[in-house]
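Below is the file protein.pdb, which contains PDB, C-alpha atoms.
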ATOM      1  CA  MET H   1     -20.872 -17.455  14.976
ATOM      2  CA  THR H   2     -23.229 -20.405  15.002
ATOM      3  CA  ASP H   3     -24.787 -22.021  11.957
ATOM      4  CA  GLN H   4     -28.133 -20.481  12.853
ATOM      5  CA  ASP H   5     -26.570 -17.008  13.004
ATOM      6  CA  ARG H   6     -25.003 -17.533   9.573
ATOM      7  CA  GLN H   7     -28.322 -18.689   8.174
ATOM      8  CA  ILE H   8     -30.092 -15.633   9.595
ATOM      9  CA  LYS H   9     -27.408 -13.359   8.164
ATOM     10  CA  THR H  10     -27.725 -15.033   4.773
ATOM     11  CA  ASP H  11     -31.518 -14.885   4.917
ATOM     12  CA  ARG H  12     -31.343 -11.151   5.635
ATOM     13  CA  MET H  13     -29.464 -10.699   2.355
ATOM     14  CA  ARG H  14     -32.753 -11.318   0.553
ATOM     15  CA  TYR H  15     -34.154  -8.121   2.068
ATOM     16  CA  ILE H  16     -31.195  -5.774   2.336
ATOM     17  CA  LYS H  17     -29.023  -4.227  -0.348
ATOM     18  CA  ASN H  18     -25.308  -4.830  -0.918
ATOM     19  CA  LYS H  19     -24.340  -1.336   0.203
ATOM     20  CA  PHE H  20     -20.669  -2.162   0.755
ATOM     21  CA  SER H  21     -19.937  -2.973  -2.889
ATOM     22  CA  SER H  22     -22.185  -0.186  -4.079
ATOM     23  CA  ASN H  23     -20.455   2.401  -1.916
ATOM     24  CA  LEU H  24     -16.996   1.204  -2.981
ATOM     25  CA  ALA H  25     -17.964   1.707  -6.620
ATOM     26  CA  LEU H  26     -19.038   5.256  -5.752
ATOM     27  CA  VAL H  27     -15.719   5.864  -3.976
ATOM     28  CA  ALA H  28     -13.981   4.680  -7.165
ATOM     29  CA  ILE H  29     -15.880   7.368  -9.078
ATOM     30  CA  ILE H  30     -14.809  10.024  -6.558
ATOM     31  CA  PHE H  31     -11.123   9.120  -6.920
ATOM     32  CA  ASP H  32     -11.474   9.116 -10.708
ATOM     33  CA  VAL H  33     -12.851  12.657 -10.431
ATOM     34  CA  PHE H  34      -9.859  13.627  -8.262
ATOM     35  CA  PHE H  35      -7.586  12.188 -10.950
ATOM     36  CA  PHE H  36      -9.062  14.054 -13.866
ATOM     37  CA  VAL H  37      -9.358  17.327 -11.948
ATOM     38  CA  SER H  38      -5.665  17.022 -11.117
ATOM     39  CA  ILE H  39      -4.840  16.460 -14.795
ATOM     40  CA  TYR H  40      -7.204  18.979 -16.342
ATOM     41  CA  LYS H  41      -6.373  21.841 -14.011
ATOM     42  CA  SER H  42      -2.771  21.653 -15.220
ATOM     43  CA  ASP H  43      -2.063  24.074 -17.980
ATOM     44  CA  VAL H  44       1.464  23.502 -19.174
ATOM     45  CA  SER H  45       1.745  25.289 -22.484
ATOM     46  CA  THR H  46      -0.251  23.353 -25.093
ATOM     47  CA  TYR H  47       0.866  19.855 -24.040
ATOM     48  CA  TYR H  48      -2.589  18.752 -22.969
ATOM     49  CA  TYR H  49      -4.390  20.137 -26.030
ATOM     50  CA  THR H  50      -4.371  16.862 -27.937
ATOM     51  CA  LEU H  51      -6.698  14.164 -29.142
ATOM     52  CA  LEU H  52      -5.519  11.960 -26.264
ATOM     53  CA  ILE H  53      -7.004  14.369 -23.723
ATOM     54  CA  GLY H  54     -10.257  14.426 -25.670
ATOM     55  CA  VAL H  55     -10.393  10.638 -25.570
ATOM     56  CA  SER H  56      -9.532  10.764 -21.865
ATOM     57  CA  ILE H  57     -12.421  13.121 -21.162
ATOM     58  CA  VAL H  58     -14.851  10.883 -23.024
ATOM     59  CA  TYR H  59     -13.479   7.816 -21.205
ATOM     60  CA  ASN H  60     -13.860   9.549 -17.824
ATOM     61  CA  LEU H  61     -17.504  10.187 -18.597
ATOM     62  CA  ALA H  62     -17.985   6.598 -19.735
ATOM     63  CA  PHE H  63     -16.170   5.318 -16.624
ATOM     64  CA  MET H  64     -18.376   7.345 -14.303
ATOM     65  CA  LEU H  65     -21.540   6.177 -16.051
ATOM     66  CA  ALA H  66     -20.455   2.518 -16.085
ATOM     67  CA  ALA H  67     -19.261   2.610 -12.467
ATOM     68  CA  PHE H  68     -22.508   4.231 -11.334
ATOM     69  CA  LEU H  69     -24.551   1.664 -13.256
ATOM     70  CA  SER H  70     -22.446  -1.084 -11.685
ATOM     71  CA  SER H  71     -22.935   0.495  -8.272
ATOM     72  CA  GLU H  72     -26.674   0.188  -8.691
ATOM     73  CA  GLY H  73     -26.368  -3.328 -10.146
ATOM     74  CA  VAL H  74     -24.207  -4.754  -7.374
ATOM     75  CA  LYS H  75     -26.506  -3.206  -4.825
ATOM     76  CA  SER H  76     -29.110  -5.754  -5.967
ATOM     77  CA  TYR H  77     -26.544  -8.600  -6.025
ATOM     78  CA  GLY H  78     -26.179  -8.574  -9.816
ATOM     79  CA  GLU H  79     -23.119 -10.691 -10.520
ATOM     80  CA  GLY H  80     -22.723  -9.449 -14.092
ATOM     81  CA  TYR H  81     -22.068  -5.916 -12.884
ATOM     82  CA  CYS H  82     -19.206  -7.233 -10.760
ATOM     83  CA  TYR H  83     -17.368  -8.350 -13.882
ATOM     84  CA  LEU H  84     -17.822  -4.888 -15.367
ATOM     85  CA  LEU H  85     -16.278  -3.450 -12.194
ATOM     86  CA  ILE H  86     -13.287  -5.776 -12.560
ATOM     87  CA  VAL H  87     -12.716  -4.543 -16.117
ATOM     88  CA  LEU H  88     -13.058  -0.921 -15.008
ATOM     89  CA  GLY H  89     -10.598  -1.530 -12.172
ATOM     90  CA  ILE H  90      -8.007  -3.066 -14.481
ATOM     91  CA  ILE H  91      -8.372  -0.181 -16.919
ATOM     92  CA  GLN H  92      -7.733   2.275 -14.075
ATOM     93  CA  PHE H  93      -4.356   0.616 -13.495
ATOM     94  CA  VAL H  94      -3.550   0.713 -17.217
ATOM     95  CA  ARG H  95      -4.400   4.416 -17.357
ATOM     96  CA  ILE H  96      -1.410   5.189 -15.137
ATOM     97  CA  PHE H  97       0.838   4.491 -18.113
ATOM     98  CA  ILE H  98      -1.093   6.650 -20.552
ATOM     99  CA  ILE H  99      -1.375  10.302 -19.521
ATOM    100  CA  PRO H 100       0.416  10.493 -16.144
ATOM    101  CA  TRP H 101       3.419   8.423 -17.200
ATOM    102  CA  ARG H 102       3.849  10.239 -20.504
ATOM    103  CA  ALA H 103       3.359  13.671 -18.969
ATOM    104  CA  SER H 104       5.850  12.970 -16.195
ATOM    105  CA  HIS H 105       8.502  12.141 -18.815
ATOM    106  CA  ALA H 106       7.681  15.002 -21.202
ATOM    107  CA  GLU H 107       9.139  18.477 -21.366
ATOM    108  CA  VAL H 108       7.856  21.607 -23.041
ATOM    109  CA  THR H 109       9.678  24.848 -23.701
ATOM    110  CA  ILE H 110       8.207  27.926 -22.075
ATOM    111  CA  ALA H 111      10.094  31.217 -22.426
ATOM    112  CA  ASN H 112      13.175  29.369 -23.696
ATOM    113  CA  GLU H 113      13.210  27.153 -20.622
ATOM    114  CA  ALA H 114      12.501  23.410 -20.526
ATOM    115  CA  VAL H 115       9.695  22.610 -18.097
ATOM    116  CA  VAL H 116       8.558  19.143 -17.050
ATOM    117  CA  VAL H 117       4.875  18.785 -17.876
ATOM    118  CA  MET H 118       3.980  16.821 -14.749
ATOM    119  CA  GLY H 119       6.119  17.022 -11.647
ATOM    120  CA  SER H 120       6.780  13.997  -9.470
ATOM    121  CA  ALA H 121       4.322  15.121  -6.775
ATOM    122  CA  GLN H 122       1.473  15.440  -9.272
ATOM    123  CA  PHE H 123       2.446  12.136 -10.889
ATOM    124  CA  LEU H 124       2.355  10.364  -7.514
ATOM    125  CA  ARG H 125      -0.980  12.006  -6.696
ATOM    126  CA  CYS H 126      -2.515  10.998 -10.036
ATOM    127  CA  THR H 127      -1.129   7.477  -9.714
ATOM    128  CA  LEU H 128      -2.500   7.191  -6.185
ATOM    129  CA  PHE H 129      -5.948   8.355  -7.322
ATOM    130  CA  LEU H 130      -6.039   5.800 -10.128
ATOM    131  CA  VAL H 131      -4.733   2.992  -7.902
ATOM    132  CA  ILE H 132      -7.323   3.696  -5.195
ATOM    133  CA  SER H 133     -10.063   3.896  -7.813
ATOM    134  CA  GLY H 134      -8.961   0.602  -9.363
ATOM    135  CA  ILE H 135      -8.688  -1.148  -6.003
ATOM    136  CA  CYS H 136     -12.158   0.065  -5.003
ATOM    137  CA  CYS H 137     -13.612  -1.320  -8.235
ATOM    138  CA  ILE H 138     -11.936  -4.695  -7.832
ATOM    139  CA  VAL H 139     -12.744  -5.075  -4.116
ATOM    140  CA  ALA H 140     -16.358  -4.072  -4.783
ATOM    141  CA  ALA H 141     -16.500  -6.704  -7.517
ATOM    142  CA  VAL H 142     -14.953  -9.496  -5.448
ATOM    143  CA  VAL H 143     -17.232  -8.831  -2.476
ATOM    144  CA  GLY H 144     -20.201  -8.509  -4.834
ATOM    145  CA  ILE H 145     -19.451 -11.849  -6.507
ATOM    146  CA  GLN H 146     -19.089 -13.590  -3.152
ATOM    147  CA  ARG H 147     -22.315 -12.158  -1.781
ATOM    148  CA  SER H 148     -24.200 -12.770  -5.001
ATOM    149  CA  ARG H 149     -23.179 -16.412  -5.127
ATOM    150  CA  THR H 150     -23.952 -16.887  -1.421
ATOM    151  CA  LEU H 151     -27.425 -15.451  -1.874
ATOM    152  CA  LYS H 152     -28.019 -17.433  -5.067
ATOM    153  CA  ALA H 153     -27.043 -20.703  -3.353
ATOM    154  CA  TYR H 154     -29.211 -19.894  -0.352
ATOM    155  CA  VAL H 155     -32.243 -19.056  -2.479
ATOM    156  CA  ALA H 156     -31.722 -22.321  -4.370
ATOM    157  CA  THR H 157     -31.887 -24.248  -1.086
ATOM    158  CA  LEU H 158     -35.078 -22.428  -0.175
ATOM    159  CA  GLY H 159     -36.658 -23.602  -3.396
ATOM    160  CA  GLU H 160     -35.803 -27.196  -2.523
ATOM    161  CA  GLU H 161     -37.195 -26.799   1.010
ATOM    162  CA  HIS H 162     -40.476 -25.455  -0.330
ATOM    163  CA  ARG H 163     -40.786 -28.378  -2.740
ATOM    164  CA  ARG H 164     -40.419 -30.886   0.092
ATOM    165  CA  ASP H 165     -43.384 -29.433   2.003
TER
END
The structure in this file should be written as structure tokens.
Amino acid sequence: MTDQDRQIKTDRMRYIKNKFSSNLALVAIIFDVFFFVSIYKSDVSTYYYTLLIGVSIVYNLAFMLAAFLSSEGVKSYGEGYCYLLIVLGIIQFVRIFIIPWRASHAEVTIANEAVVVMGSAQFLRCTLFLVISGICCIVAAVVGIQRSRTLKAYVATLGEEHRRD
């Protein structure tokens, strides 16, 4: 790719949206939905009827709202939204050790028989959903930061070129 091709590509960024980062943030939301559907469809005695699940539901709603807002923000090369996506991505990794980890190590008694709350297959599925969601958030943020800074630097050079004329 020649320097002129790079300059044209960078100049086009002024007129097109950052769809890659935006779409990755939306994919992160989809995998978060897969995670909480997998958790909330489980009905193992009364294990999930706790304050922790209530907080988890509220957090899922907040995550989806923040990720969607970030999706729209990074679409317009807003660097601040990228940092929000990084935080959301890190929290997705931390969440693995809250409900899925605890539920996979917990047992409840149903009809005088000990039953594991979350089997290993469901634990792996939930972990995978959270990991993919977190990775999507972080990759969207990194790409968004790079593109935002590239566009910002390019626009700054345009301002200097116009002043010379």
Requested in this report: Determine the residue set returned by the PyMOL selection byres ((chain H and resi 95) around 12) for the present structure, and present it as a PyMOL selection string.
Outcome: chain H and resi 32+35-36+52+55-56+59-60+63+88-94+96-102+126-131+133-134
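Taking atom CA of Met64 of chain H and atom CA of Ile145 of chain H as the two end points, the separation is 20.7 Å.
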Report summary line: From atom CA of Leu158 of chain H to atom CA of Gly73 of chain H the spacing works out at 23.2 Å
Query raised in the report: For Ile30 of chain H, which residue among H:Ile16, H:Val58, H:Leu51, H:Ala67 is the nearest when counting only C-alpha atoms?
Result: H:Ala67
**Report entry** Residue nearest Arg147 of chain H - candidates H:Phe68, H:Tyr83, H:Phe20, H:Tyr77, atoms counted: all atoms listed in the file
**Finding:** H:Tyr77
Report task. Give me, please, the distance in Å between atom CA of Ile53 of chain H and atom CA of Tyr81 of chain H, quoted to one decimal. Result -> 27.5 Å
Segment 12-27 of chain H rebuilt with N, CA, C and O atoms, output as a PDB file, in the coordinates of the input:
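Contents of the output file rebuild-v3.pdb:
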ATOM      1  N   ARG H  12     -31.149 -12.607   5.667  1.00  0.00           N
ATOM      2  CA  ARG H  12     -31.343 -11.151   5.635  1.00  0.00           C
ATOM      3  C   ARG H  12     -30.902 -10.549   4.307  1.00  0.00           C
ATOM      4  O   ARG H  12     -31.397  -9.508   3.896  1.00  0.00           O
ATOM      5  N   MET H  13     -29.957 -11.213   3.639  1.00  0.00           N
ATOM      6  CA  MET H  13     -29.464 -10.699   2.355  1.00  0.00           C
ATOM      7  C   MET H  13     -30.586 -10.594   1.325  1.00  0.00           C
ATOM      8  O   MET H  13     -30.511  -9.786   0.401  1.00  0.00           O
ATOM      9  N   ARG H  14     -31.629 -11.384   1.499  1.00  0.00           N
ATOM     10  CA  ARG H  14     -32.753 -11.318   0.553  1.00  0.00           C
ATOM     11  C   ARG H  14     -33.496  -9.993   0.665  1.00  0.00           C
ATOM     12  O   ARG H  14     -34.160  -9.573  -0.277  1.00  0.00           O
ATOM     13  N   TYR H  15     -33.366  -9.319   1.803  1.00  0.00           N
ATOM     14  CA  TYR H  15     -34.154  -8.121   2.068  1.00  0.00           C
ATOM     15  C   TYR H  15     -33.339  -6.841   2.158  1.00  0.00           C
ATOM     16  O   TYR H  15     -33.909  -5.757   2.183  1.00  0.00           O
ATOM     17  N   ILE H  16     -32.029  -6.976   2.259  1.00  0.00           N
ATOM     18  CA  ILE H  16     -31.195  -5.774   2.336  1.00  0.00           C
ATOM     19  C   ILE H  16     -30.318  -5.672   1.093  1.00  0.00           C
ATOM     20  O   ILE H  16     -30.071  -6.654   0.411  1.00  0.00           O
ATOM     21  N   LYS H  17     -29.858  -4.488   0.829  1.00  0.00           N
ATOM     22  CA  LYS H  17     -29.023  -4.227  -0.348  1.00  0.00           C
ATOM     23  C   LYS H  17     -27.547  -4.457  -0.016  1.00  0.00           C
ATOM     24  O   LYS H  17     -27.136  -4.399   1.131  1.00  0.00           O
ATOM     25  N   ASN H  18     -26.756  -4.678  -1.044  1.00  0.00           N
ATOM     26  CA  ASN H  18     -25.308  -4.830  -0.918  1.00  0.00           C
ATOM     27  C   ASN H  18     -24.690  -3.435  -0.958  1.00  0.00           C
ATOM     28  O   ASN H  18     -24.139  -3.006  -1.970  1.00  0.00           O
ATOM     29  N   LYS H  19     -24.798  -2.721   0.153  1.00  0.00           N
ATOM     30  CA  LYS H  19     -24.340  -1.336   0.203  1.00  0.00           C
ATOM     31  C   LYS H  19     -22.825  -1.226   0.180  1.00  0.00           C
ATOM     32  O   LYS H  19     -22.282  -0.244  -0.322  1.00  0.00           O
ATOM     33  N   PHE H  20     -22.129  -2.233   0.711  1.00  0.00           N
ATOM     34  CA  PHE H  20     -20.669  -2.162   0.755  1.00  0.00           C
ATOM     35  C   PHE H  20     -20.082  -2.071  -0.654  1.00  0.00           C
ATOM     36  O   PHE H  20     -19.315  -1.157  -0.960  1.00  0.00           O
ATOM     37  N   SER H  21     -20.454  -2.988  -1.516  1.00  0.00           N
ATOM     38  CA  SER H  21     -19.937  -2.973  -2.889  1.00  0.00           C
ATOM     39  C   SER H  21     -20.404  -1.731  -3.634  1.00  0.00           C
ATOM     40  O   SER H  21     -19.637  -1.118  -4.386  1.00  0.00           O
ATOM     41  N   SER H  22     -21.642  -1.364  -3.418  1.00  0.00           N
ATOM     42  CA  SER H  22     -22.185  -0.186  -4.079  1.00  0.00           C
ATOM     43  C   SER H  22     -21.418   1.072  -3.673  1.00  0.00           C
ATOM     44  O   SER H  22     -21.032   1.881  -4.526  1.00  0.00           O
ATOM     45  N   ASN H  23     -21.174   1.220  -2.388  1.00  0.00           N
ATOM     46  CA  ASN H  23     -20.455   2.401  -1.916  1.00  0.00           C
ATOM     47  C   ASN H  23     -19.005   2.412  -2.387  1.00  0.00           C
ATOM     48  O   ASN H  23     -18.456   3.477  -2.683  1.00  0.00           O
ATOM     49  N   LEU H  24     -18.370   1.247  -2.466  1.00  0.00           N
ATOM     50  CA  LEU H  24     -16.996   1.204  -2.981  1.00  0.00           C
ATOM     51  C   LEU H  24     -16.936   1.641  -4.442  1.00  0.00           C
ATOM     52  O   LEU H  24     -15.988   2.315  -4.853  1.00  0.00           O
ATOM     53  N   ALA H  25     -17.925   1.270  -5.220  1.00  0.00           N
ATOM     54  CA  ALA H  25     -17.964   1.707  -6.620  1.00  0.00           C
ATOM     55  C   ALA H  25     -18.113   3.233  -6.696  1.00  0.00           C
ATOM     56  O   ALA H  25     -17.499   3.881  -7.554  1.00  0.00           O
ATOM     57  N   LEU H  26     -18.892   3.800  -5.780  1.00  0.00           N
ATOM     58  CA  LEU H  26     -19.038   5.256  -5.752  1.00  0.00           C
ATOM     59  C   LEU H  26     -17.744   5.936  -5.318  1.00  0.00           C
ATOM     60  O   LEU H  26     -17.386   7.000  -5.840  1.00  0.00           O
ATOM     61  N   VAL H  27     -17.016   5.325  -4.388  1.00  0.00           N
ATOM     62  CA  VAL H  27     -15.719   5.864  -3.976  1.00  0.00           C
ATOM     63  C   VAL H  27     -14.740   5.823  -5.162  1.00  0.00           C
ATOM     64  O   VAL H  27     -13.941   6.749  -5.349  1.00  0.00           O
TER      65      VAL H  27
END
